[in-house]
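Colleague: Have a look at this one.
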Amino acid sequence: MDKYTLSAQKREIIGRKVKTLRGQGLLPANIYGKKVKSLSITVGFKDFEEVFKKAGETSLVTLVLKNGKSEERAVLISNVQKDPVSEAPIHIDFRQVDLKEKVTAEVPVELKGESPAEKTSVGTVVQYIDKIEVEALPGDLPEKFVVDIAALSEVDQAIFVKDLEIDKAKVTLKVDPEEIVVKVEPPQKEEEVAPPAAEVPVEGEVPAEGGAEVPAEEAAAPEEKKEEEPSPKE
């Protein structure tokens with residue numbers, strides 16, 4: 001397993017003032033864990049991005065705290081808060097772990113290969129889950145689960161959690177092994193929208209002015225003559 005190291009400094013600045021740290025290329029972060037007192041720290045923005053790209057949230061990272069003397073802590077990157085616009089990290093949580101005590105973590109699922117069913121337009125490959133929760137010693141956590149979809153050639157073919165390659169002596173699944181990871185679904189048909197039906201006048205009715213309809217007998221009825229007013233006497 002690859003080893004990842006990240007330098008860190010203890011942090012005194014908290015609250016809204018942490019914006020000044022980001023302006024200096026530093027990321028505010030916290031260390032927490034079982035039987036561990038929470039500690040505020042900073043890490044280099046670029047250094048963190050490089051490590052996170054490779055380690056993800058399941059590989060051990062050694063934090064080297066430099067504050068007079070160096071102190072090493074084994075951690076997992078457990079929470080990365082991102083800017084909603086730029087999606088750049090703005091705050092990190094590191095979970096300190098005991099290398100001899102099992103932890104739970106969500107391992108990402110990655111698809112590889114090309115499905116014959118999708119290639120021939122027989123069906124569409126749908127990924128049902130993208131993370132699987134497991135339990136293991138920190139050093140035994142899988143980096144990711146790689147699922148080969150090259151064997152999926154027919155509709156309704158699926159790969160289940162139980163089909164994944166797992167070292168059961170070291171890793172325990174925390175999800176139902178019968179849960180579907182990926183499946184070939186029938187291609188979705190585009191629904192044809194029928195044009196609105198033209199209104200047909202009911203037999204015996206005549207359209208009135210303005211589009212309204214009136215009964216034919218009313219339309220055909222002669223207009224009543226107004227009573228003639230008596231002419232005024234001269």
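Naming scheme: A, B, ... for chains in displayed order of the structure tokens; residues 1 onward per chain; ligands 1 onward as shown.
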Using only C-alpha atoms, which residues sit within 12 Å of Lys168 of chain A once same-chain residues fewer than 3 positions away are excluded, as a list in words?

Modeller: Val134, Glu135, Ala136, Asp140, Leu141, Pro142, Lys162, Leu164, Glu165, Val171, Thr172, Leu173 and Lys174 of chain A

Colleague: Go ahead and save the residues from that selection, with all heavy atoms, as a tab-separated table (two decimals), in the first residue's frame.

Modeller:
```
chain	number	residue	atom	x	y	z
A	134	VAL	N	-17.71	-0.69	4.42
A	134	VAL	CA	-17.01	-1.89	4.88
A	134	VAL	C	-16.40	-1.62	6.25
A	134	VAL	O	-16.33	-0.47	6.72
A	134	VAL	CB	-15.89	-2.31	3.90
A	134	VAL	CG1	-16.44	-2.56	2.52
A	134	VAL	CG2	-14.77	-1.25	3.86
A	135	GLU	N	-15.94	-2.69	6.88
A	135	GLU	CA	-15.24	-2.58	8.15
A	135	GLU	C	-13.92	-3.34	8.05
A	135	GLU	O	-13.89	-4.46	7.54
A	135	GLU	CB	-16.08	-3.16	9.28
A	135	GLU	CG	-15.44	-3.02	10.66
A	135	GLU	CD	-16.29	-3.64	11.76
A	135	GLU	OE1	-16.56	-4.86	11.69
A	135	GLU	OE2	-16.69	-2.90	12.67
A	136	ALA	N	-12.84	-2.71	8.49
A	136	ALA	CA	-11.52	-3.35	8.42
A	136	ALA	C	-10.54	-2.54	9.26
A	136	ALA	O	-10.85	-1.44	9.72
A	136	ALA	CB	-11.04	-3.41	6.97
A	140	ASP	N	-6.00	-2.10	6.13
A	140	ASP	CA	-6.57	-3.10	5.22
A	140	ASP	C	-7.75	-2.58	4.40
A	140	ASP	O	-8.36	-3.34	3.64
A	140	ASP	CB	-7.04	-4.33	6.03
A	140	ASP	CG	-5.88	-5.08	6.65
A	140	ASP	OD1	-4.77	-5.02	6.08
A	140	ASP	OD2	-6.07	-5.71	7.71
A	141	LEU	N	-8.09	-1.32	4.56
A	141	LEU	CA	-9.22	-0.77	3.81
A	141	LEU	C	-8.90	-0.77	2.31
A	141	LEU	O	-7.84	-0.30	1.90
A	141	LEU	CB	-9.52	0.66	4.26
A	141	LEU	CG	-10.20	0.83	5.62
A	141	LEU	CD1	-10.23	2.30	6.00
A	141	LEU	CD2	-11.60	0.26	5.60
A	142	PRO	N	-9.82	-1.30	1.48
A	142	PRO	CA	-9.58	-1.25	0.03
A	142	PRO	C	-9.60	0.20	-0.46
A	142	PRO	O	-10.37	1.03	0.04
A	142	PRO	CB	-10.76	-2.04	-0.56
A	142	PRO	CG	-11.36	-2.77	0.58
A	142	PRO	CD	-11.08	-1.97	1.80
A	162	LYS	N	-22.08	-9.24	-3.69
A	162	LYS	CA	-21.45	-10.54	-3.40
A	162	LYS	C	-20.48	-10.98	-4.49
A	162	LYS	O	-19.64	-11.86	-4.27
A	162	LYS	CB	-22.52	-11.62	-3.21
A	162	LYS	CG	-23.34	-11.91	-4.47
A	162	LYS	CD	-24.41	-12.94	-4.20
A	162	LYS	CE	-25.22	-13.23	-5.46
A	162	LYS	NZ	-26.31	-14.19	-5.19
A	164	LEU	N	-18.20	-9.02	-5.87
A	164	LEU	CA	-16.98	-8.22	-5.80
A	164	LEU	C	-15.83	-9.03	-5.20
A	164	LEU	O	-16.04	-9.91	-4.35
A	164	LEU	CB	-17.21	-6.96	-4.97
A	164	LEU	CG	-18.29	-6.00	-5.47
A	164	LEU	CD1	-18.44	-4.84	-4.48
A	164	LEU	CD2	-17.97	-5.47	-6.86
A	165	GLU	N	-14.63	-8.73	-5.64
A	165	GLU	CA	-13.44	-9.38	-5.10
A	165	GLU	C	-13.08	-8.73	-3.77
A	165	GLU	O	-12.64	-7.57	-3.73
A	165	GLU	CB	-12.28	-9.27	-6.08
A	165	GLU	CG	-12.49	-10.06	-7.37
A	165	GLU	CD	-11.28	-10.00	-8.28
A	165	GLU	OE1	-10.25	-9.45	-7.85
A	165	GLU	OE2	-11.37	-10.50	-9.42
A	171	VAL	N	-11.66	-7.89	5.37
A	171	VAL	CA	-12.68	-6.87	5.12
A	171	VAL	C	-14.07	-7.46	5.31
A	171	VAL	O	-14.39	-8.53	4.77
A	171	VAL	CB	-12.55	-6.30	3.69
A	171	VAL	CG1	-13.62	-5.23	3.45
A	171	VAL	CG2	-11.16	-5.72	3.46
A	172	THR	N	-14.91	-6.75	6.07
A	172	THR	CA	-16.29	-7.18	6.31
A	172	THR	C	-17.25	-6.20	5.65
A	172	THR	O	-17.14	-4.98	5.86
A	172	THR	CB	-16.60	-7.24	7.83
A	172	THR	OG1	-15.67	-8.12	8.45
A	172	THR	CG2	-18.01	-7.73	8.06
A	173	LEU	N	-18.18	-6.73	4.86
A	173	LEU	CA	-19.18	-5.88	4.21
A	173	LEU	C	-20.22	-5.44	5.22
A	173	LEU	O	-20.68	-6.23	6.04
A	173	LEU	CB	-19.87	-6.63	3.07
A	173	LEU	CG	-19.02	-6.96	1.84
A	173	LEU	CD1	-19.79	-7.89	0.92
A	173	LEU	CD2	-18.64	-5.68	1.10
A	174	LYS	N	-20.62	-4.18	5.15
A	174	LYS	CA	-21.66	-3.65	6.03
A	174	LYS	C	-22.96	-3.40	5.27
A	174	LYS	O	-23.83	-2.67	5.75
A	174	LYS	CB	-21.18	-2.35	6.70
A	174	LYS	CG	-19.87	-2.47	7.46
A	174	LYS	CD	-20.00	-3.42	8.63
A	174	LYS	CE	-20.77	-2.78	9.76
A	174	LYS	NZ	-20.82	-3.67	10.96
```

Colleague: Would you mind listing what lies within 10 Å of Lys131 of chain A as an MDAnalysis selection string, with only C-alpha atoms counted and same-chain residues fewer than 6 positions away left out?

Modeller: chainID A and resid 105:110 144:145 181

Colleague: Using only C-alpha atoms, pick whichever of A:Ala117, A:Ile41, A:Ile31, A:Ala74 has the shortest atom-to-atom distance to Pro138 of chain A.

Modeller: A:Ala74

Colleague: Residues within 6 Å of Val184 of chain A, please, as an mmCIF file with C-alpha atoms, in the first residue's frame. Count only C-alpha atoms; anything in the same chain fewer than 2 positions from it doesn't count.

Modeller:
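For reference, selection.cif as written:
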```cif
data_model
loop_
_atom_site.group_PDB
_atom_site.id
_atom_site.type_symbol
_atom_site.label_atom_id
_atom_site.label_comp_id
_atom_site.auth_asym_id
_atom_site.auth_seq_id
_atom_site.Cartn_x
_atom_site.Cartn_y
_atom_site.Cartn_z
ATOM 1 C CA GLY A 123 -29.565 -1.942 -23.167
ATOM 2 C CA THR A 124 -28.130 0.716 -20.873
ATOM 3 C CA VAL A 125 -25.696 0.020 -18.023
ATOM 4 C CA VAL A 155 -30.803 -6.923 -20.547
ATOM 5 C CA ASP A 156 -31.330 -7.700 -16.822
ATOM 6 C CA GLN A 157 -27.783 -9.006 -16.357
#
```

Colleague: Please identify all polymer residues within 12 Å of Glu49 of chain A, counting only C-alpha atoms, omitting same-chain residues fewer than 4 positions from it, and present them as a list in words.

Modeller: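 Using only C-alpha atoms, the neighbours found are Tyr4, Leu6, Gly25, Leu26, Leu27, Val43, Gly44, Phe45, Lys53, Lys54, Ala55, Gly56, Ile77, Val80, Ala88, Pro89, Ile90, His91 and Ile92 of chain A.
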
Colleague: Keeping only N, CA, C and O atoms, write the selected residues to a file as an mmCIF file, in the first residue's frame.

Modeller:
```cif
data_model
loop_
_atom_site.group_PDB
_atom_site.id
_atom_site.type_symbol
_atom_site.label_atom_id
_atom_site.label_comp_id
_atom_site.auth_asym_id
_atom_site.auth_seq_id
_atom_site.Cartn_x
_atom_site.Cartn_y
_atom_site.Cartn_z
ATOM 1 N N TYR A 4 1.224 7.949 2.265
ATOM 2 C CA TYR A 4 0.983 9.359 1.975
ATOM 3 C C TYR A 4 1.282 10.182 3.221
ATOM 4 O O TYR A 4 0.842 9.838 4.330
ATOM 5 N N LEU A 6 1.521 14.205 4.886
ATOM 6 C CA LEU A 6 1.057 15.587 4.740
ATOM 7 C C LEU A 6 1.513 16.395 5.951
ATOM 8 O O LEU A 6 1.294 15.993 7.098
ATOM 9 N N GLY A 25 -2.870 30.420 1.011
ATOM 10 C CA GLY A 25 -2.663 29.088 0.439
ATOM 11 C C GLY A 25 -2.751 27.974 1.463
ATOM 12 O O GLY A 25 -2.251 26.867 1.233
ATOM 13 N N LEU A 26 -3.409 28.239 2.591
ATOM 14 C CA LEU A 26 -3.559 27.242 3.647
ATOM 15 C C LEU A 26 -5.019 26.840 3.805
ATOM 16 O O LEU A 26 -5.925 27.656 3.615
ATOM 17 N N LEU A 27 -5.241 25.586 4.175
ATOM 18 C CA LEU A 27 -6.591 25.083 4.400
ATOM 19 C C LEU A 27 -6.812 24.852 5.888
ATOM 20 O O LEU A 27 -6.019 24.155 6.531
ATOM 21 N N VAL A 43 -3.259 22.870 6.709
ATOM 22 C CA VAL A 43 -2.420 22.116 5.771
ATOM 23 C C VAL A 43 -2.297 22.937 4.489
ATOM 24 O O VAL A 43 -3.151 23.780 4.199
ATOM 25 N N GLY A 44 -1.259 22.707 3.733
ATOM 26 C CA GLY A 44 -1.082 23.432 2.479
ATOM 27 C C GLY A 44 -2.136 23.023 1.464
ATOM 28 O O GLY A 44 -2.440 21.835 1.306
ATOM 29 N N PHE A 45 -2.719 24.009 0.793
ATOM 30 C CA PHE A 45 -3.791 23.751 -0.175
ATOM 31 C C PHE A 45 -3.315 22.798 -1.286
ATOM 32 O O PHE A 45 -3.945 21.766 -1.550
ATOM 33 N N LYS A 53 -6.016 13.405 -4.068
ATOM 34 C CA LYS A 53 -6.243 12.821 -5.399
ATOM 35 C C LYS A 53 -5.821 11.355 -5.433
ATOM 36 O O LYS A 53 -6.439 10.527 -6.106
ATOM 37 N N LYS A 54 -4.787 11.020 -4.675
ATOM 38 C CA LYS A 54 -4.265 9.650 -4.674
ATOM 39 C C LYS A 54 -4.842 8.800 -3.533
ATOM 40 O O LYS A 54 -5.147 7.630 -3.701
ATOM 41 N N ALA A 55 -4.979 9.404 -2.367
ATOM 42 C CA ALA A 55 -5.393 8.638 -1.184
ATOM 43 C C ALA A 55 -6.900 8.501 -1.043
ATOM 44 O O ALA A 55 -7.383 7.507 -0.499
ATOM 45 N N GLY A 56 -7.646 9.504 -1.520
ATOM 46 C CA GLY A 56 -9.091 9.456 -1.330
ATOM 47 C C GLY A 56 -9.443 9.440 0.147
ATOM 48 O O GLY A 56 -8.721 9.985 0.985
ATOM 49 N N ILE A 77 -8.873 10.818 5.633
ATOM 50 C CA ILE A 77 -9.584 12.034 5.222
ATOM 51 C C ILE A 77 -11.071 11.685 5.231
ATOM 52 O O ILE A 77 -11.534 10.862 4.434
ATOM 53 N N VAL A 80 -14.550 16.474 3.325
ATOM 54 C CA VAL A 80 -13.966 17.598 2.585
ATOM 55 C C VAL A 80 -15.084 18.564 2.228
ATOM 56 O O VAL A 80 -15.948 18.250 1.406
ATOM 57 N N ALA A 88 -13.671 24.047 -4.902
ATOM 58 C CA ALA A 88 -12.349 23.921 -4.284
ATOM 59 C C ALA A 88 -12.533 23.625 -2.798
ATOM 60 O O ALA A 88 -13.473 24.123 -2.167
ATOM 61 N N PRO A 89 -11.681 22.787 -2.198
ATOM 62 C CA PRO A 89 -11.815 22.495 -0.765
ATOM 63 C C PRO A 89 -11.625 23.743 0.085
ATOM 64 O O PRO A 89 -10.756 24.570 -0.206
ATOM 65 N N ILE A 90 -12.444 23.868 1.133
ATOM 66 C CA ILE A 90 -12.342 25.032 2.015
ATOM 67 C C ILE A 90 -12.140 24.620 3.475
ATOM 68 O O ILE A 90 -11.747 25.439 4.309
ATOM 69 N N HIS A 91 -12.420 23.355 3.806
ATOM 70 C CA HIS A 91 -12.205 22.864 5.168
ATOM 71 C C HIS A 91 -12.121 21.336 5.130
ATOM 72 O O HIS A 91 -12.850 20.681 4.379
ATOM 73 N N ILE A 92 -11.239 20.782 5.974
ATOM 74 C CA ILE A 92 -11.013 19.341 5.979
ATOM 75 C C ILE A 92 -11.170 18.785 7.391
ATOM 76 O O ILE A 92 -10.776 19.432 8.366
#
```

Colleague: What is the atom CA of Lys69 of chain A-atom CA of Leu39 of chain A distance in Å, reported with one decimal?

Modeller: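 Distance between the two atoms: 16.1 Å.
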
Colleague: Tell me which protein, DNA and RNA residues are within 9 Å of Ile13 of chain A, counting only C-alpha atoms, leaving out same-chain ones fewer than 3 positions away, and put them as a list in words.

Modeller: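 Counting only C-alpha atoms, the residues come to Arg16, Lys17, Val18, Leu21, Pro28 and Ser40 of chain A.
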
Colleague: For atom CA of Ala29 of chain A and atom CA of Thr42 of chain A, quote the distance in Å rounded to one decimal.

Modeller: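 Taking atom CA of Ala29 of chain A as the start and atom CA of Thr42 of chain A as the end point, the length is 5.5 Å.
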
Colleague: Using only C-alpha atoms, find the one residue out of A:Pro116, A:Gly139, A:Gly15, A:Gly68 that sits nearest to Lys102 of chain A.

Modeller: A:Gly139
